[in-house]
Amino acid sequence: MKVHTEIYERLKAYGQTQLLAFWDTLSESEQRNLLMEIAETDFDTMQMLYRKAREASAGDAQRPFEKLEPLPCLDTTVLTEQEKILLGRSGMDGIRNGELAALTMAGGQGTRLGHNGPKGTFDIGLPSRASLFEIQCRGLQKVSEKAGRPIDWYIMTSTINYADTVCFFEEHGFFGYPKEKIHFFPQTMIPAVTEDGKLQLESPAHILRSPNGNGGMFVSLKQSGCLDALERQGVRYIFVCGIDNCLVKMCDPLFFGALRTANGNVQASAKSYIKRDPGEKAGIFCRMDGKPGVLEYTEIPQEYAEMKNPDGQWTYGDTNVLNYIFSVEAVRCLAEAEIPYHVAVKKLTYLDAATGQSVTVPQGYKFELFLFDTFLCLDDLQVVRIERTEEFAPVKNPSGIDSAESARALYLDYEAKQPRKWEEKI
Ligand code: UTP
């Protein structure tokens, strides 16, 4: 098959003809596939994102806002046992009614961790040798058993790790969880580019693409048909978390109860913990020009980062845990939100068009939507503060901070203490 002149001219105009480097070696069906991928690519947007990446090499552009205010939180660390039981009971009632589904975002590439396979298959070295997927599944099983009904579990993968993820669950008998209650869906992908602005090939017939960030979750949930399915089942809220916090409290009844009983028409809730110091590398909840949001640590002005209340607490201290509950109504709305792509400078492996060899470069550009950028479309957001050591043990790096070793230590420490005795009373 000859390349259509129109496609060739289009690639030439954008300086991207290297995508056809292996054209003559492809079978007809591979050629068709590559043409489809090229046709689907929005080269104008890619060009605009590349320009943004070059401009932002000194850091992400600052978001403009005129007024910064703190966002109040519900501090669960100071609630009495009775208050916790009441909230927990309300959440558990909602779960028993089938109001809540769980969603794990497991589409990331885990570049820093460097594990071969989906991050959820990673074994952090617990005595049980449970993978991150199994740890979450056990948590979900616990709440489901208490509620007397299995909670539907949606797992967002990328198109790259979809098959490996599904196979892993099959090989492990879905960890004993009802198979029909686990639903996998792939997220949208976007091409990555090398430092010279070129799109690259992952293989002779495929453009190198990466998942479009956890902010792509709302659109992917809708496009996959999962959102319709949830609504048909009468689900009203979705508990959302990442795959890499091994202390996440799946479908935490207290968290859900807090949203169910919140005053007003609050459609979303987010967990936070208090930052340790003003320079902590984490996003902070706040109000920007009246709207709830998260300000990255790189964006918060120093005087605000260091500001304290008269009681000595940080004014802007609530840190984003990546654990939320959204009403289904809010998810529909956020799926329409127009949010900007952020640039992530990450390792890229691709097929070099000139040599035909696989090469890895340390600094390629990937483009990601951030889930928290959608918050600016919400009127309000409930922030629920938790105890960091009880609920936050991220696995990001192969060693040192936020590694398997640190997460394992936190996990075992929590297990040994069994600090949430009140949970038995809900
Ligand atoms: P991170 O931002 O830590 O990314 O994701 P990551 O892919 O796990 O790791 P690095 O940055 O490449 O080293 C936080 C959570 O969001 C999910 C991840 O799977 C993780 O649970 N995520 C991230 C997605 O589901 N899709 C994405 O496109 C990005």
# chains A, B, ... in the order shown; residues from 1 in each chain; ligands from 1

call {"tool": "residues_near_ligand", "arguments": {"ligand": "ligand 1", "cutoff": "9 Å", "atoms": "only C-alpha atoms and all ligand atoms", "output": "PyMOL selection string"}}
result
chain A and resi 104-114+118-120+155-158+187-189+210-217+241-245+322+344+346-347+367-371+394-397

call {"tool": "closest_atom_pairs", "arguments": {"of": "region 266-379 of chain A", "to": "region 81-99 of chain A", "cutoff": "12 Å", "atoms": "only C-alpha atoms", "output": "Markdown table"}}
result
| residue | atom | partner | partner_atom | distance |
| --- | --- | --- | --- | --- |
| A:Ile325 | CA | A:Glu99 | CA | 11.6 |
| A:Phe326 | CA | A:Glu99 | CA | 11.5 |
| A:Ser327 | CA | A:Glu99 | CA | 9.6 |
| A:Val328 | CA | A:Glu99 | CA | 9.9 |

call {"tool": "write_last_selection", "arguments": {"atoms": "N, CA, C and O atoms", "output": "JSON list (two decimals), in the first residue's frame"}}
result
[["chain", "number", "residue", "atom", "x", "y", "z"],
["A", 325, "ILE", "N", -14.10, 11.18, 47.13],
["A", 325, "ILE", "CA", -15.41, 10.63, 46.79],
["A", 325, "ILE", "C", -16.12, 11.69, 45.95],
["A", 325, "ILE", "O", -16.13, 12.87, 46.33],
["A", 326, "PHE", "N", -16.66, 11.28, 44.82],
["A", 326, "PHE", "CA", -17.43, 12.18, 43.96],
["A", 326, "PHE", "C", -18.83, 11.64, 43.82],
["A", 326, "PHE", "O", -19.02, 10.41, 43.71],
["A", 327, "SER", "N", -19.81, 12.55, 43.77],
["A", 327, "SER", "CA", -21.15, 12.08, 43.40],
["A", 327, "SER", "C", -21.09, 11.76, 41.91],
["A", 327, "SER", "O", -20.27, 12.33, 41.17],
["A", 328, "VAL", "N", -21.95, 10.85, 41.46],
["A", 328, "VAL", "CA", -21.99, 10.49, 40.05],
["A", 328, "VAL", "C", -22.34, 11.74, 39.23],
["A", 328, "VAL", "O", -21.80, 11.95, 38.14]]

call {"tool": "select_by_dssp", "arguments": {"residues": "region 51-193 of chain A", "states": "helix (DSSP H, G or I)", "output": "ChimeraX atom specification"}}
result
/A:51-58,76-78,81-96,119-121,132-147,162-171,173-176,179-181

call {"tool": "select_by_dssp", "arguments": {"residues": "region 152-354 of chain A", "states": "strand (DSSP E)", "output": "NGL selection string"}}
result
:A and (153-157 or 182-186 or 189-191 or 201-203 or 206-207 or 209-211 or 237-242 or 268-274 or 284-288 or 291-295 or 318-327 or 341-351)

call {"tool": "atom_distance", "arguments": {"atom1": "CA of Cys137 (chain A)", "atom2": "CA of Ala101 (chain A)"}}
result
13.1 Å

call {"tool": "closest_atom_pairs", "arguments": {"of": "region 222-262 of chain A", "to": "region 334-339 of chain A", "cutoff": "12 Å", "atoms": "only C-alpha atoms", "output": "Markdown table"}}
result
| residue | atom | partner | partner_atom | distance |
| --- | --- | --- | --- | --- |
| A:Lys222 | CA | A:Ala335 | CA | 7.1 |
| A:Gln223 | CA | A:Ala335 | CA | 9.4 |
| A:Leu227 | CA | A:Ala335 | CA | 10.3 |

call {"tool": "closest_atom_pairs", "arguments": {"of": "region 198-222 of chain A", "to": "region 38-58 of chain A", "cutoff": "10 Å", "atoms": "only C-alpha atoms", "output": "JSON lines"}}
result
{"residue": "A:Lys198", "atom": "CA", "partner": "A:Tyr50", "partner_atom": "CA", "distance": 9.1}
{"residue": "A:Leu199", "atom": "CA", "partner": "A:Met46", "partner_atom": "CA", "distance": 8.7}
{"residue": "A:His206", "atom": "CA", "partner": "A:Ile38", "partner_atom": "CA", "distance": 9.2}
{"residue": "A:Ile207", "atom": "CA", "partner": "A:Ile38", "partner_atom": "CA", "distance": 7.9}
